[in-house]
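The next block holds one structure in the form of structure tokens; read it before the comments.
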Amino acid sequence: MCLAIPAKVISIEPDDRAVVTVENVRKRISTALLDQVTIGDYLLIHVGYALHKLSEEEAAHTLSLMAEAGILQDELDEISGEPLCAT
Amino acid sequence: MRYISEFRDRALAENLASRIAQEVQPERAYYFMEFCGGHTHAIFRYGVQDLMPPNVHFVHGPGCPVCVLPVRRLDDAIELAEKYNVILCTYGDMMRVPGTGRRSLIKAKADGADIRMVYSTLDALNIARANPDKEVVFFAIGFETTTPPTAVAIKMAQAEGLANFTVFCNHVLTPAAIGHILDSPDFAPDGPAQVDGFLGPSHVSAVIGSHPYEAAAEKYQKPVVIAGFEPLDVMQSVLMLVRQVNQGRAEVENQYTRVVTRQGNRKAQALVAEVLELRDSFEWRGLGAVQNSALQIRNIFAEYDAEKRFAVSEKQSREVKSCECPSVLRGVMKPTDCKLFGTVCTPDNPMGACMVSSEGACAAYWSYGRKRAPQDAA
Ligand code: SF4
């Protein structure tokens with residue numbers, strides 16, 4: 001629950017929302033915690049919210065460390081899995 | 001050294017391990033508390049302990065948000081779901097934690113309560129929008145990383161006039177817990193337990209910045225190194241701690257500069273401050289009541305506060321008998337000191353929160369520690 005994953009912004013939506021992508025997973029997230037998010041930005045995503053902006057190199061480095069640590073897939077499953085609460 | 005082969009960057013890990021071995025002073029012991037369960041996990045999964053010289057020890061801290069929630073608050077959440085017939089939304093890790101009488105949210109759900117696992121507060125808001133005739137309560141837990149999303153959800157609910165949405169707020173604060181641990185008699189200079197420095201939280205610090213730890217580092221003269229979650233981050237942070245201890249320094253240093261700054265995320269901090277305020281005191285599993293260690297919803301947002309909308313009854317909450325979670329969380333016992341560990345208590349049949357959450361110390365010992373034994377024998 002403490003982990004966060006870097007993802008790239010591919011579209012900006014109204015009401016502080018954006019769609020991000022990481023390793024072919026797409027997710028709609030909130031950007032309410034950041035100022036000025038633009039397409040192409042790399043964001044650190046935690047429980048559906050962007051916490052921090054990263055450079056492309058930092059994002060790539062973090063993703064490779066996560067892959068190495070064997071936690072990348074778990075995180076991808078968590079963000080991509082249909083929430084069980086879908087109504 | 002066989003675990004090192006799991007690192008792709010084997011050379012770097014070996015290099016760090018030998019630097020640590022060279023720099024530790026053989027006549028002294030180094031006890032470092034990793035505050036976060038995420039660090040505990042990395043240490044176990046990669047056998048980082050095995051790469052350390054024999055006089056460097058890890059002490060597991062209380063940084064697992066599911067683990068520190070006291071049984072009473074979980075019992076209250078179950079009561080909300082059952083007595084008031086609300087839709088209770090919660091992060092997945094909470095579902096299997098045993099409350100009083102080993103009753104968990106998942107058991108309450110099996111008995112008919114409407115309890116739903118969500119990934120985000122955004123999902124909880126969607127559930128409230130889709131069910132206008134039902135009360136929806138978000139059971140909010142976690143440290144400073146999950147707090148801003150709760151604050152944003154409350155503001156969104158207010159902006160939309162979402163009248164059926166409330167939050168049962170259980171957010172807790174990391175620096176307060178570190179101070180409390182160092183104040184406890186366990187860690188007094190002649191106490192039974194020792195800690196010489198801290199591996200500080202990664203993503204918590206992305207939000208609050210590294211500066212909130214400065215007061216504790218100064219007051220207790222203990223170094224804090226903010227550490228990333230990957231094994232190489234942890235090893236590099238240990239080296240930084242060893243150097244501080246050797247040089248008699250007690251500073252806050254930041255290994256995780258990819259993400260953490262001294263100031264943190266100001267916008268997130270401002271949103272939290274607008275919606276939430278300090279609680280005088282909050283009970284932590286293991287630590288007991290800790291002053292100014294948690295947040296509650298401000299009065300101006302009282303309509304979104306589940307504690308104000310629904311009355312919960314007084315109850316005698318208690319842990320499963322013989323579960324040593326409280327001592328494990330204080331860093332004074334190891335999971336293997338618990339007589340239920342691995343016999344009565346396993347991840348499939350957890351007796352305490354520390355075995356449920358993947359960030360819990362008991363779960364880490366079980367998943368990685370036990371796996372190691374047969375390999376060692378082989
Ligand atoms: S092993 Fe189980 S019973 Fe023992 S302290 Fe850990 S969670 Fe509690």
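The chains in the structure tokens are called A, B, ... from first to last as shown; in each chain the residues are counted from 1, and the ligands are counted from 1 in the order shown.
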
Quick one: residues within 8 Å of B:Ala21, only C-alpha atoms counted, chain neighbours fewer than 4 positions away excluded, as an MDAnalysis selection string?
-> chainID B and resid 17 52:53

May I ask you to write as JSON, numbers by chain all residues lying at most 10 Å from ligand 1, with only C-alpha atoms and all ligand atoms counted?
-> {"B": [67, 97, 98, 319, 320, 321, 322, 323, 324, 325, 326, 327, 328, 329, 333, 334, 335, 336, 337, 338, 339, 340, 341, 342, 343, 344, 345, 346, 347, 349, 350, 351, 352, 353, 354, 355, 356, 357, 360, 361, 362, 363, 365, 366]}

Run DSSP on the backbone of this structure and report the residues of stretch 16-64 of chain A it assigns to alpha helix (DSSP H), as a list in words.
-> Glu56, Glu57, Glu58, Ala59, Ala60, His61, Thr62, Leu63 and Ser64 of chain A

Report the distance between atom CA of B:Ala157 and atom CA of B:Pro132 in Å, rounded to one decimal place.
-> 12.5 Å

Close residues, A:Leu44 itself excluded, 10 Å, only C-alpha atoms, min 5 positions apart in chain, as a PyMOL selection string | (chain A and resi 3-8+49-54+59+62) or (chain B and resi 203+206+259)

Using only C-alpha atoms, find the residues of chain B whose closest atom to chain A is at most 6 Å away, then write them as a ChimeraX atom specification.
-> /B:116,118-120,267-268

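With atom CA of A:Val37 on one side and atom CA of B:Leu162 on the other, the separation reads 26.7 Å.
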
Write out as a VMD selection string each polymer residue whose atoms come within 9 Å of A:Glu23, counting only C-alpha atoms; drop sequence neighbours fewer than 2 positions from it.
-> chain A and resid 7 21 25 to 26 76
